[in-house]
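Q: Following this line is input11.cif, made up of mmCIF, C-alpha atoms:
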data_input
#
loop_
_atom_site.label_atom_id
_atom_site.label_comp_id
_atom_site.auth_asym_id
_atom_site.auth_seq_id
_atom_site.Cartn_x
_atom_site.Cartn_y
_atom_site.Cartn_z
CA MET A 273 24.46 -89.74 15.39
CA SER A 274 21.56 -91.20 17.41
CA ASP A 275 20.17 -89.39 20.42
CA PRO A 276 21.57 -90.67 23.70
CA VAL A 277 19.63 -93.17 25.76
CA THR A 278 19.85 -93.61 29.51
CA VAL A 279 19.93 -97.05 31.08
CA ILE A 280 19.17 -96.91 34.81
CA GLY A 281 20.58 -100.03 36.39
CA ALA A 282 23.13 -100.68 33.65
CA SER A 283 25.44 -102.22 36.24
CA GLY A 284 22.92 -105.05 36.59
CA ALA A 285 22.74 -107.99 34.21
CA LEU A 286 19.81 -106.91 32.02
CA GLY A 287 20.75 -103.23 31.93
CA TYR A 288 24.35 -104.06 31.08
CA GLY A 289 23.33 -106.30 28.22
CA LEU A 290 20.95 -103.67 26.86
CA ALA A 291 23.60 -100.94 27.07
CA LEU A 292 26.11 -103.22 25.39
CA ARG A 293 23.82 -104.15 22.51
CA LEU A 294 22.42 -100.65 21.92
CA GLY A 295 25.86 -99.10 22.31
CA GLY A 296 27.15 -101.49 19.68
CA LYS A 297 24.52 -100.12 17.31
CA GLY A 298 25.83 -96.57 17.63
CA VAL A 299 23.41 -95.38 20.31
CA PRO A 300 25.24 -93.19 22.86
CA ILE A 301 24.53 -94.65 26.28
CA VAL A 302 24.31 -92.86 29.59
CA VAL A 303 24.77 -95.40 32.35
CA GLY A 304 22.87 -94.69 35.53
CA SER A 305 23.65 -96.32 38.86
CA ARG A 306 22.78 -95.39 42.40
CA ASP A 307 26.44 -94.56 42.83
CA ALA A 308 28.12 -92.27 40.27
CA ASP A 309 31.50 -94.01 40.60
CA ARG A 310 29.88 -97.38 39.96
CA ALA A 311 28.16 -95.89 36.91
CA ARG A 312 31.45 -94.58 35.52
CA GLU A 313 33.12 -97.90 36.18
CA THR A 314 30.36 -99.71 34.26
CA ALA A 315 30.62 -97.17 31.43
CA GLY A 316 34.36 -97.90 31.31
CA LYS A 317 33.72 -101.64 31.08
CA LEU A 318 31.20 -101.10 28.30
CA ALA A 319 33.63 -98.85 26.40
CA GLU A 320 36.23 -101.60 26.59
CA ALA A 321 33.78 -104.13 25.20
CA VAL A 322 32.52 -101.78 22.48
CA PRO A 323 35.50 -99.57 21.57
CA ASP A 324 33.60 -97.53 18.98
CA GLY A 325 30.63 -96.98 21.30
CA SER A 326 29.89 -93.96 23.44
CA PHE A 327 29.31 -94.65 27.13
CA GLU A 328 29.19 -92.23 30.02
CA GLY A 329 28.25 -92.87 33.61
CA ASP A 330 26.48 -90.79 36.22
CA ALA A 331 24.28 -91.18 39.27
CA ASN A 332 20.70 -92.16 38.40
CA GLY A 333 19.22 -88.66 38.75
CA PRO A 334 21.59 -86.71 36.50
CA ALA A 335 21.79 -89.70 34.13
CA ALA A 336 18.00 -89.65 33.72
CA GLU A 337 18.13 -85.97 32.75
CA ARG A 338 20.44 -86.61 29.84
CA ALA A 339 18.18 -88.51 27.44
CA GLU A 340 14.64 -88.46 26.10
CA ILE A 341 14.34 -92.22 26.56
CA VAL A 342 15.20 -93.78 29.91
CA PHE A 343 15.27 -97.54 30.44
CA LEU A 344 14.56 -98.72 33.96
CA CYS A 345 16.36 -102.02 34.55
CA VAL A 346 16.45 -102.40 38.30
CA PRO A 347 15.38 -105.25 40.59
CA PHE A 348 11.81 -104.88 41.82
CA ARG A 349 13.16 -104.46 45.33
CA SER A 350 14.67 -101.12 44.25
CA GLN A 351 12.07 -99.96 41.74
CA SER A 352 9.93 -97.85 44.03
CA GLU A 353 12.89 -96.18 45.74
CA THR A 354 14.57 -95.50 42.40
CA LEU A 355 11.40 -93.93 41.00
CA THR A 356 11.01 -91.75 44.09
CA ASN A 357 14.56 -90.52 43.67
CA LEU A 358 14.03 -89.87 39.96
CA LYS A 359 10.98 -87.65 40.52
CA GLU A 360 12.96 -84.40 40.53
CA HIS A 361 14.96 -85.43 37.51
CA LEU A 362 12.40 -86.68 35.02
CA ARG A 363 10.52 -84.18 32.88
CA GLU A 364 7.44 -84.02 30.69
CA GLY A 365 7.81 -85.69 27.33
CA GLN A 366 10.41 -88.21 28.40
CA LEU A 367 9.69 -91.87 27.79
CA MET A 368 10.48 -94.45 30.43
CA VAL A 369 10.81 -98.04 29.28
CA ASP A 370 10.28 -100.16 32.37
CA ALA A 371 11.69 -103.67 32.46
CA THR A 372 11.02 -104.36 36.12
CA VAL A 373 9.61 -107.73 37.13
CA PRO A 374 8.08 -108.27 40.58
CA LEU A 375 9.58 -111.70 41.19
CA ALA A 376 8.94 -113.15 44.62
CA ALA A 377 12.73 -113.33 44.88
CA ALA A 378 12.55 -109.63 45.85
CA VAL A 379 11.26 -110.72 49.26
CA SER A 380 13.32 -113.91 49.53
CA GLY A 381 10.71 -115.99 47.71
CA ARG A 382 11.15 -117.99 44.53
CA ALA A 383 12.18 -116.43 41.23
CA THR A 384 9.57 -118.66 39.61
CA ARG A 385 6.77 -116.89 41.47
CA MET A 386 5.37 -113.40 41.26
CA LEU A 387 4.45 -110.84 43.88
CA GLY A 388 1.11 -109.12 43.65
CA VAL A 389 1.61 -105.42 42.97
CA TRP A 390 -1.17 -103.16 44.17
CA GLN A 391 -1.29 -101.25 40.88
CA GLY A 392 -1.39 -104.52 38.94
CA SER A 393 2.18 -104.68 37.68
CA ALA A 394 5.57 -103.10 38.14
CA ALA A 395 5.00 -101.06 34.99
CA GLU A 396 1.73 -99.67 36.33
CA GLN A 397 3.53 -98.79 39.55
CA ALA A 398 6.11 -96.93 37.46
CA ALA A 399 3.36 -95.10 35.56
CA GLU A 400 1.84 -93.99 38.85
CA MET A 401 5.15 -92.77 40.24
CA VAL A 402 6.66 -90.79 37.37
CA PRO A 403 5.95 -87.04 37.16
CA ASP A 404 3.01 -85.90 35.01
CA GLY A 405 3.74 -86.03 31.34
CA VAL A 406 6.40 -88.72 31.56
CA LYS A 407 5.21 -91.65 29.44
CA VAL A 408 5.75 -95.24 30.49
CA VAL A 409 5.86 -98.37 28.39
CA SER A 410 7.09 -101.78 29.46
CA ALA A 411 9.33 -104.19 27.58
CA LEU A 412 12.28 -106.56 27.79
CA HIS A 413 10.82 -108.90 30.41
CA THR A 414 11.33 -112.11 28.51
CA ILE A 415 14.79 -111.67 27.04
CA SER A 416 17.51 -113.52 28.89
CA ALA A 417 20.00 -111.10 30.43
CA ALA A 418 22.69 -113.73 29.91
CA LEU A 419 21.99 -113.88 26.17
CA LEU A 420 21.79 -110.11 25.86
CA ARG A 421 25.20 -109.70 27.53
CA ASP A 422 26.78 -112.35 25.35
CA THR A 423 27.47 -110.54 22.10
CA GLU A 424 28.57 -113.86 20.57
CA ALA A 425 25.00 -115.12 21.00
CA ALA A 426 22.65 -114.57 18.08
CA LEU A 427 19.27 -113.36 19.29
CA ASP A 428 16.09 -114.63 17.66
CA GLU A 429 13.04 -113.80 19.72
CA ASP A 430 10.32 -111.28 20.39
CA ILE A 431 10.11 -108.40 22.82
CA LEU A 432 6.60 -107.89 24.16
CA VAL A 433 5.81 -104.18 24.50
CA CYS A 434 2.91 -102.79 26.52
CA GLY A 435 1.80 -99.18 26.79
CA ASP A 436 -1.27 -96.99 26.61
CA ARG A 437 -0.23 -94.92 23.60
CA LYS A 438 0.85 -96.31 20.25
CA ALA A 439 3.28 -93.43 19.68
CA ASP A 440 5.15 -94.18 22.92
CA LYS A 441 5.38 -97.85 22.06
CA GLY A 442 6.60 -96.85 18.61
CA ARG A 443 9.51 -94.88 20.08
CA ALA A 444 10.55 -97.80 22.25
CA ILE A 445 10.13 -100.32 19.45
CA GLU A 446 12.23 -98.31 16.99
CA LEU A 447 15.06 -98.27 19.49
CA ILE A 448 14.86 -101.88 20.67
CA GLU A 449 14.63 -103.20 17.11
CA LYS A 450 18.04 -101.71 16.36
CA ILE A 451 19.32 -104.81 18.15
CA ASP A 452 19.74 -107.63 15.63
CA GLY A 453 17.39 -110.55 16.13
CA LEU A 454 14.81 -108.78 18.27
CA ARG A 455 11.30 -108.19 16.94
CA CYS A 456 8.87 -106.17 19.04
CA VAL A 457 5.22 -107.16 19.38
CA ASP A 458 2.64 -104.59 20.47
CA CYS A 459 0.91 -106.33 23.38
CA GLY A 460 -1.65 -103.65 24.06
CA ARG A 461 -2.18 -101.49 27.11
CA LEU A 462 0.24 -101.04 29.98
CA GLU A 463 -2.03 -103.15 32.21
CA ASN A 464 -1.08 -106.16 30.09
CA SER A 465 2.33 -105.96 31.72
CA ARG A 466 0.69 -108.07 34.42
CA THR A 467 1.06 -110.92 31.98
CA THR A 468 4.30 -110.03 30.20
CA GLU A 469 6.08 -109.53 33.53
CA ALA A 470 4.80 -112.87 34.79
CA LEU A 471 6.35 -114.55 31.77
CA THR A 472 9.75 -113.86 33.30
CA ALA A 473 8.99 -116.11 36.25
CA LEU A 474 7.60 -118.75 33.89
CA LEU A 475 10.75 -118.64 31.74
CA ILE A 476 13.04 -118.80 34.76
CA GLY A 477 11.38 -122.12 35.52
CA VAL A 478 11.70 -123.26 31.91
CA ASN A 479 15.40 -122.31 31.99
CA ALA A 480 15.97 -124.46 35.05
CA ARG A 481 14.10 -127.45 33.61
CA TYR A 482 15.56 -127.29 30.11
CA LYS A 483 19.02 -125.86 30.99
CA THR A 484 18.69 -123.02 28.52
CA HIS A 485 18.04 -119.30 28.12
CA ALA A 486 14.48 -119.36 26.87
CA GLY A 487 12.60 -116.50 25.29
CA ILE A 488 9.24 -115.88 23.66
CA ARG A 489 8.16 -115.83 20.05
CA ILE A 490 4.61 -114.93 19.05
CA THR A 491 3.59 -117.17 16.15
CA GLY A 492 1.25 -116.27 13.32
CA LEU A 493 2.32 -112.64 12.91
CA PRO A 494 2.66 -111.22 9.39
CA MET B 67 -5.97 -148.77 18.68
CA SER B 68 -5.44 -145.85 21.07
CA ASP B 69 -7.40 -145.57 24.29
CA PRO B 70 -10.42 -143.29 24.00
CA VAL B 71 -10.22 -139.71 25.18
CA THR B 72 -13.11 -137.61 26.41
CA VAL B 73 -13.48 -134.00 25.40
CA ILE B 74 -15.93 -132.16 27.63
CA GLY B 75 -17.18 -129.12 25.76
CA ALA B 76 -16.40 -130.53 22.31
CA SER B 77 -19.36 -128.60 20.92
CA GLY B 78 -17.43 -125.39 21.66
CA ALA B 79 -14.73 -124.00 19.38
CA LEU B 80 -11.61 -125.22 21.19
CA GLY B 81 -13.04 -128.60 22.18
CA TYR B 82 -14.29 -129.21 18.67
CA GLY B 83 -10.90 -128.42 17.16
CA LEU B 84 -9.16 -130.69 19.65
CA ALA B 85 -11.57 -133.57 19.01
CA LEU B 86 -11.17 -133.07 15.27
CA ARG B 87 -7.37 -133.09 15.37
CA LEU B 88 -7.00 -135.97 17.85
CA GLY B 89 -9.72 -137.95 16.10
CA GLY B 90 -7.83 -137.51 12.85
CA LYS B 91 -4.82 -139.14 14.51
CA GLY B 92 -6.75 -142.29 15.34
CA VAL B 93 -7.69 -141.41 18.90
CA PRO B 94 -11.28 -142.51 19.62
CA ILE B 95 -13.12 -139.47 20.94
CA VAL B 96 -15.99 -139.35 23.40
CA VAL B 97 -17.72 -136.01 23.01
CA GLY B 98 -19.23 -134.60 26.17
CA SER B 99 -21.83 -131.85 26.23
CA ARG B 100 -24.29 -130.74 28.86
CA ASP B 101 -26.99 -132.18 26.62
CA ALA B 102 -26.59 -135.74 25.31
CA ASP B 103 -28.36 -134.97 22.03
CA ARG B 104 -26.07 -132.03 21.41
CA ALA B 105 -23.08 -134.30 22.11
CA ARG B 106 -24.29 -136.91 19.62
CA GLU B 107 -24.94 -134.21 17.05
CA THR B 108 -21.37 -132.91 17.49
CA ALA B 109 -20.00 -136.45 17.28
CA GLY B 110 -21.91 -136.84 14.00
CA LYS B 111 -20.40 -133.64 12.60
CA LEU B 112 -16.94 -134.79 13.63
CA ALA B 113 -17.48 -138.19 12.00
CA GLU B 114 -18.44 -136.47 8.76
CA ALA B 115 -15.27 -134.35 8.88
CA VAL B 116 -13.05 -137.32 9.79
CA PRO B 117 -14.68 -140.37 8.16
CA ASP B 118 -12.09 -142.84 9.47
CA GLY B 119 -12.27 -141.44 13.00
CA SER B 120 -14.26 -142.78 15.94
CA PHE B 121 -16.57 -140.29 17.63
CA GLU B 122 -19.33 -140.93 20.12
CA GLY B 123 -21.38 -138.43 22.08
CA ASP B 124 -22.89 -138.49 25.54
CA ALA B 125 -23.83 -136.16 28.36
CA ASN B 126 -20.81 -134.83 30.28
CA GLY B 127 -21.10 -137.24 33.21
CA PRO B 128 -21.27 -140.55 31.35
CA ALA B 129 -18.81 -139.20 28.77
CA ALA B 130 -16.28 -138.47 31.53
CA GLU B 131 -16.54 -142.06 32.77
CA ARG B 132 -15.50 -143.49 29.44
CA ALA B 133 -11.84 -142.47 29.25
CA GLU B 134 -8.75 -142.25 31.41
CA ILE B 135 -7.97 -138.79 30.05
CA VAL B 136 -10.64 -136.09 30.08
CA PHE B 137 -10.14 -132.70 28.47
CA LEU B 138 -12.13 -129.85 29.96
CA CYS B 139 -12.78 -127.25 27.27
CA VAL B 140 -15.63 -125.17 28.62
CA PRO B 141 -16.02 -121.42 29.08
CA PHE B 142 -14.95 -120.23 32.52
CA ARG B 143 -18.57 -119.25 33.18
CA SER B 144 -19.48 -122.95 33.16
CA GLN B 145 -16.31 -124.47 34.63
CA SER B 146 -17.36 -124.61 38.25
CA GLU B 147 -20.86 -125.96 37.50
CA THR B 148 -19.43 -128.55 35.11
CA LEU B 149 -16.90 -129.73 37.70
CA THR B 150 -19.61 -129.99 40.35
CA ASN B 151 -21.69 -132.15 38.03
CA LEU B 152 -18.68 -134.31 37.16
CA LYS B 153 -17.89 -135.13 40.80
CA GLU B 154 -19.89 -138.35 40.83
CA HIS B 155 -18.48 -139.45 37.50
CA LEU B 156 -14.74 -138.93 37.80
CA ARG B 157 -12.65 -141.58 39.51
CA GLU B 158 -9.19 -141.96 41.02
CA GLY B 159 -6.39 -142.24 38.50
CA GLN B 160 -8.11 -140.28 35.76
CA LEU B 161 -6.28 -137.31 34.32
CA MET B 162 -8.11 -134.08 33.61
CA VAL B 163 -6.49 -131.68 31.17
CA ASP B 164 -8.02 -128.31 31.90
CA ALA B 165 -8.01 -125.66 29.18
CA THR B 166 -10.26 -123.16 30.93
CA VAL B 167 -9.33 -119.49 30.85
CA PRO B 168 -10.96 -117.00 33.24
CA LEU B 169 -11.43 -114.21 30.71
CA ALA B 170 -13.31 -111.20 32.00
CA ALA B 171 -15.69 -111.88 29.11
CA ALA B 172 -17.27 -114.49 31.42
CA VAL B 173 -18.86 -111.63 33.35
CA SER B 174 -19.47 -109.34 30.37
CA GLY B 175 -16.00 -107.79 30.61
CA ARG B 176 -13.31 -107.72 27.95
CA ALA B 177 -11.78 -110.86 26.49
CA THR B 178 -8.42 -109.10 26.74
CA ARG B 179 -8.68 -108.99 30.53
CA MET B 180 -8.58 -111.67 33.17
CA LEU B 181 -10.71 -112.34 36.22
CA GLY B 182 -9.01 -113.04 39.51
CA VAL B 183 -9.72 -116.60 40.58
CA TRP B 184 -9.59 -117.23 44.31
CA GLN B 185 -7.49 -120.38 43.91
CA GLY B 186 -5.10 -118.53 41.60
CA SER B 187 -6.19 -119.90 38.24
CA ALA B 188 -8.94 -121.88 36.59
CA ALA B 189 -6.71 -124.94 36.65
CA GLU B 190 -6.17 -124.65 40.39
CA GLN B 191 -9.93 -124.32 40.80
CA ALA B 192 -10.31 -127.53 38.82
CA ALA B 193 -7.71 -129.27 40.97
CA GLU B 194 -9.62 -128.25 44.08
CA MET B 195 -12.95 -129.47 42.72
CA VAL B 196 -12.14 -132.89 41.27
CA PRO B 197 -12.51 -135.97 43.50
CA ASP B 198 -9.44 -137.20 45.38
CA GLY B 199 -7.00 -139.02 43.18
CA VAL B 200 -8.05 -137.34 39.95
CA LYS B 201 -4.97 -135.57 38.56
CA VAL B 202 -5.18 -132.19 36.90
CA VAL B 203 -2.82 -130.57 34.44
CA SER B 204 -3.50 -127.50 32.32
CA ALA B 205 -2.75 -126.93 28.66
CA LEU B 206 -4.03 -125.59 25.34
CA HIS B 207 -4.60 -122.01 26.48
CA THR B 208 -2.60 -120.35 23.75
CA ILE B 209 -3.63 -122.30 20.66
CA SER B 210 -6.16 -120.55 18.50
CA ALA B 211 -9.42 -122.50 18.39
CA ALA B 212 -9.94 -121.23 14.85
CA LEU B 213 -6.61 -122.71 13.71
CA LEU B 214 -7.22 -125.96 15.52
CA ARG B 215 -10.62 -126.38 13.82
CA ASP B 216 -9.18 -125.60 10.41
CA THR B 217 -7.56 -128.84 9.34
CA GLU B 218 -6.18 -127.05 6.26
CA ALA B 219 -4.10 -124.85 8.59
CA ALA B 220 -0.61 -126.13 9.41
CA LEU B 221 0.13 -125.69 13.11
CA ASP B 222 3.58 -124.59 14.24
CA GLU B 223 3.57 -123.55 17.86
CA ASP B 224 4.00 -124.64 21.44
CA ILE B 225 1.52 -125.85 24.02
CA LEU B 226 2.42 -124.77 27.53
CA VAL B 227 1.67 -127.51 30.04
CA CYS B 228 1.46 -126.99 33.81
CA GLY B 229 0.99 -129.62 36.48
CA ASP B 230 2.36 -130.75 39.80
CA ARG B 231 3.53 -134.20 38.70
CA LYS B 232 5.84 -134.90 35.78
CA ALA B 233 4.10 -138.22 35.04
CA ASP B 234 0.73 -136.52 34.63
CA LYS B 235 2.19 -133.90 32.33
CA GLY B 236 3.88 -136.68 30.38
CA ARG B 237 0.53 -138.39 29.73
CA ALA B 238 -1.02 -135.17 28.47
CA ILE B 239 2.04 -134.28 26.39
CA GLU B 240 2.18 -137.66 24.69
CA LEU B 241 -1.41 -137.23 23.61
CA ILE B 242 -1.26 -133.58 22.53
CA GLU B 243 1.94 -134.10 20.56
CA LYS B 244 0.11 -136.60 18.34
CA ILE B 245 -1.21 -133.45 16.64
CA ASP B 246 1.20 -132.38 13.91
CA GLY B 247 2.95 -129.08 14.53
CA LEU B 248 2.37 -128.91 18.28
CA ARG B 249 5.29 -129.13 20.68
CA CYS B 250 4.58 -129.22 24.41
CA VAL B 251 6.71 -127.30 26.89
CA ASP B 252 6.74 -128.27 30.56
CA CYS B 253 5.96 -124.98 32.30
CA GLY B 254 6.25 -126.27 35.83
CA ARG B 255 3.67 -126.48 38.58
CA LEU B 256 -0.07 -126.12 38.16
CA GLU B 257 0.09 -122.71 39.86
CA ASN B 258 1.93 -121.43 36.78
CA SER B 259 -1.38 -121.69 34.95
CA ARG B 260 -1.94 -118.22 36.38
CA THR B 261 0.44 -117.07 33.69
CA THR B 262 -0.32 -119.48 30.86
CA GLU B 263 -4.04 -118.79 31.17
CA ALA B 264 -3.40 -115.05 31.09
CA LEU B 265 -1.57 -115.47 27.81
CA THR B 266 -4.92 -116.20 26.18
CA ALA B 267 -6.15 -112.70 26.96
CA LEU B 268 -2.86 -111.25 25.75
CA LEU B 269 -3.08 -113.17 22.48
CA ILE B 270 -6.71 -112.19 21.93
CA GLY B 271 -5.47 -108.60 21.95
CA VAL B 272 -2.59 -109.44 19.61
CA ASN B 273 -5.06 -111.16 17.25
CA ALA B 274 -7.21 -108.03 17.11
CA ARG B 275 -4.25 -105.72 16.50
CA TYR B 276 -2.44 -107.90 13.97
CA LYS B 277 -5.51 -109.56 12.37
CA THR B 278 -4.14 -113.04 12.91
CA HIS B 279 -4.41 -116.20 15.01
CA ALA B 280 -1.34 -115.83 17.17
CA GLY B 281 0.24 -118.50 19.30
CA ILE B 282 3.31 -118.94 21.49
CA ARG B 283 6.70 -120.43 20.79
CA ILE B 284 9.32 -120.74 23.53
CA THR B 285 12.71 -119.98 22.00
CA GLY B 286 16.03 -121.48 23.02
CA LEU B 287 14.80 -125.01 23.75
CA PRO B 288 16.94 -127.97 22.67
#
For the structure just supplied, provide its representation as structure tokens.

A:
Amino acid sequence: MSDPVTVIGASGALGYGLALRLGGKGVPIVVGSRDADRARETAGKLAEAVPDGSFEGDANGPAAERAEIVFLCVPFRSQSETLTNLKEHLREGQLMVDATVPLAAAVSGRATRMLGVWQGSAAEQAAEMVPDGVKVVSALHTISAALLRDTEAALDEDILVCGDRKADKGRAIELIEKIDGLRCVDCGRLENSRTTEALTALLIGVNARYKTHAGIRITGLP
Amino acid sequence: MSDPVTVIGASGALGYGLALRLGGKGVPIVVGSRDADRARETAGKLAEAVPDGSFEGDANGPAAERAEIVFLCVPFRSQSETLTNLKEHLREGQLMVDATVPLAAAVSGRATRMLGVWQGSAAEQAAEMVPDGVKVVSALHTISAALLRDTEAALDEDILVCGDRKADKGRAIELIEKIDGLRCVDCGRLENSRTTEALTALLIGVNARYKTHAGIRITGLP
């Protein structure tokens, strides 16, 4: 049996899709939501969709305590508040995989534009806000939430992973690559999230123009 | 016979590869370099590599006058100076395809990091600096210059094209897609060059880590 994994924001589109896909691969999922009842409701929906999966729900704080790897899949508007509330719950050695994208939509701007984040990127903001010893990598910015949620859809794209330590990226990559059709690419330091996050806005535009759910593939890799 | 195309900076790696590949497809190439002799020397090298191609060389200014489409393939360090010197030579209706990337290497920083450009991107700087009526699109940031120069190498990747007018992007796309193995993707407005330019720095890091010449493919397109 795999270790459990927490998905903060699993009631949202990306988090739900991630929980669904990982849960389907035998990874026990702890669903975190701001509201514990909402979390349990989402866990119930996931359990219906994946009858042989293991899904439990709890409020973000207690949910974050229950796994060594915690995915953060919240809108940028809530990222800072969520991280503040998680401070008492996260502990040294845990790995946070941040998928937050600072789209201008967070402040009623366009989803095809980015906000400037003082630290450089949402992931670097997360790294600044987690307690000492909690590692942060970023990933999952370019995968379409709609595709991830649609278990009928075959995935065939890359996940760009940024982080300052190879070992942390390795932990995230091992987990994400359990999902069929996803290949992770090590995109260097966490600061490179400035670029991988911005790809989300670029792809949202591509999706509108080409009526699709676009993703990224890095060519030329062995 | 195709209309001629000018490649400013064709003595550099990317410009040379572009001139080589387009020239091989029957597009007459006007090589621009700061120095006219250098331009003619590069044109001579290109003519040796592509004996049935048409290559002429001239200083940047006169070279830019000789085609309706002008590629700008110079290091960011020289972009602003080059554009200033081109002001008297460019004319209304011409299309500039800017491939400049503001890597931090321009100021002795890392090639895996970007400089902030006041206008938002090198392409937006170009758009601000060209004479009225000269159109600017951006492209070719993610293709490896080494692959482009190596005519033995089969290309199989996308070129991300940004620009404010569909018609301008269409002109650039028609030309670039003459090169076998390149598909252009309309990535929206010129301001999105902020992201497509940054991909160069990201890919330079990927190249170092994976010992390859990486490129980008957008998945999910029709």

Q: How would you write, as a PDB file with C-alpha atoms, in the frame of the given file, the residues chosen by the PyMOL selection byres ((chain B) within 8 of (chain A)) on this structure?

A:
ATOM      1  CA  ASP B 222       3.580-124.590  14.240  1.00  0.00           C
ATOM      2  CA  GLU B 223       3.570-123.550  17.860  1.00  0.00           C
ATOM      3  CA  ASP B 252       6.740-128.270  30.560  1.00  0.00           C
ATOM      4  CA  CYS B 253       5.960-124.980  32.300  1.00  0.00           C
ATOM      5  CA  GLY B 254       6.250-126.270  35.830  1.00  0.00           C
ATOM      6  CA  ASN B 258       1.930-121.430  36.780  1.00  0.00           C
ATOM      7  CA  THR B 261       0.440-117.070  33.690  1.00  0.00           C
ATOM      8  CA  ALA B 264      -3.400-115.050  31.090  1.00  0.00           C
ATOM      9  CA  LEU B 265      -1.570-115.470  27.810  1.00  0.00           C
ATOM     10  CA  LEU B 268      -2.860-111.250  25.750  1.00  0.00           C
ATOM     11  CA  LEU B 269      -3.080-113.170  22.480  1.00  0.00           C
ATOM     12  CA  GLY B 271      -5.470-108.600  21.950  1.00  0.00           C
ATOM     13  CA  VAL B 272      -2.590-109.440  19.610  1.00  0.00           C
ATOM     14  CA  TYR B 276      -2.440-107.900  13.970  1.00  0.00           C
ATOM     15  CA  THR B 278      -4.140-113.040  12.910  1.00  0.00           C
ATOM     16  CA  HIS B 279      -4.410-116.200  15.010  1.00  0.00           C
ATOM     17  CA  ALA B 280      -1.340-115.830  17.170  1.00  0.00           C
ATOM     18  CA  GLY B 281       0.240-118.500  19.300  1.00  0.00           C
ATOM     19  CA  ILE B 282       3.310-118.940  21.490  1.00  0.00           C
ATOM     20  CA  ARG B 283       6.700-120.430  20.790  1.00  0.00           C
ATOM     21  CA  ILE B 284       9.320-120.740  23.530  1.00  0.00           C
ATOM     22  CA  THR B 285      12.710-119.980  22.000  1.00  0.00           C
ATOM     23  CA  GLY B 286      16.030-121.480  23.020  1.00  0.00           C
ATOM     24  CA  LEU B 287      14.800-125.010  23.750  1.00  0.00           C
ATOM     25  CA  PRO B 288      16.940-127.970  22.670  1.00  0.00           C
TER      26      PRO B 288
END

Q: Could you please determine the separation between atom CA of A:Ser274 and atom CA of A:Lys317 in Å, to one decimal place?

A: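 For atom CA of A:Ser274 relative to atom CA of A:Lys317, the distance reads 21.1 Å.
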
Q: Apply the PyMOL selection byres ((chain B and resi 215) around 10) to the structure shown and report the selected residues as a PDB file with C-alpha atoms, in the frame of the given file.

A:
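Saved result, expr02.pdb, follows:
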ATOM      1  CA  ALA B  79     -14.730-124.000  19.380  1.00  0.00           C
ATOM      2  CA  LEU B  80     -11.610-125.220  21.190  1.00  0.00           C
ATOM      3  CA  GLY B  81     -13.040-128.600  22.180  1.00  0.00           C
ATOM      4  CA  TYR B  82     -14.290-129.210  18.670  1.00  0.00           C
ATOM      5  CA  GLY B  83     -10.900-128.420  17.160  1.00  0.00           C
ATOM      6  CA  LEU B  84      -9.160-130.690  19.650  1.00  0.00           C
ATOM      7  CA  ALA B  85     -11.570-133.570  19.010  1.00  0.00           C
ATOM      8  CA  LEU B  86     -11.170-133.070  15.270  1.00  0.00           C
ATOM      9  CA  ARG B  87      -7.370-133.090  15.370  1.00  0.00           C
ATOM     10  CA  SER B 210      -6.160-120.550  18.500  1.00  0.00           C
ATOM     11  CA  ALA B 211      -9.420-122.500  18.390  1.00  0.00           C
ATOM     12  CA  ALA B 212      -9.940-121.230  14.850  1.00  0.00           C
ATOM     13  CA  LEU B 213      -6.610-122.710  13.710  1.00  0.00           C
ATOM     14  CA  LEU B 214      -7.220-125.960  15.520  1.00  0.00           C
ATOM     15  CA  ASP B 216      -9.180-125.600  10.410  1.00  0.00           C
ATOM     16  CA  THR B 217      -7.560-128.840   9.340  1.00  0.00           C
ATOM     17  CA  GLU B 218      -6.180-127.050   6.260  1.00  0.00           C
ATOM     18  CA  ALA B 219      -4.100-124.850   8.590  1.00  0.00           C
TER      19      ALA B 219
END

Q: Name the residues captured by the PyMOL selection byres ((chain A and resi 435) around 10) when it is applied to the shown file; answer as an MDAnalysis selection string.

A: chainID A and resid 369 395:396 399 407:411 433:434 436:442 444 458:465

Q: Report, in Å with one decimal, the straight-line distance from atom CA of A:Arg443 to atom CA of A:Gly365.

A: 11.8 Å

Q: To one decimal in Å, tell me the separation between atom CA of A:Ala308 and atom CA of A:Gly329.

A: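 Between these atoms lies a distance of 6.7 Å.
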
Q: Which residues come within 12 Å of A:Asn332, counting only C-alpha atoms, excluding same-chain residues fewer than 5 positions away, as a ChimeraX atom specification?

A: /A:278-283,302-312,337-339,342-346,353-362

Q: Considering only C-alpha atoms, state which residue in the set B:Asp164, B:Pro197, B:Gly127, B:Phe142 is at the smallest distance from B:Ala177.

A: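 Between B:Asp164, B:Pro197, B:Gly127, B:Phe142, the residue approaching B:Ala177 most closely is B:Phe142.
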
Q: Rank nothing, just name the residue among B:Ala125, B:Leu226, B:Leu169, B:Leu161 nearest to B:Arg143, using all atoms listed in the file.

A: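 That would be B:Leu169, the residue with the smallest distance to B:Arg143.
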
Q: Could you work out an axis-aligned box for stretch 233-245 of chain B, taking every atom the file lists and adding 3 Å on each side, and report centre and edge lengths in Å to one decimal, as JSON?

A:
{"center_x": 1.3, "center_y": -135.9, "center_z": 25.8, "size_x": 11.5, "size_y": 10.9, "size_z": 24.4}
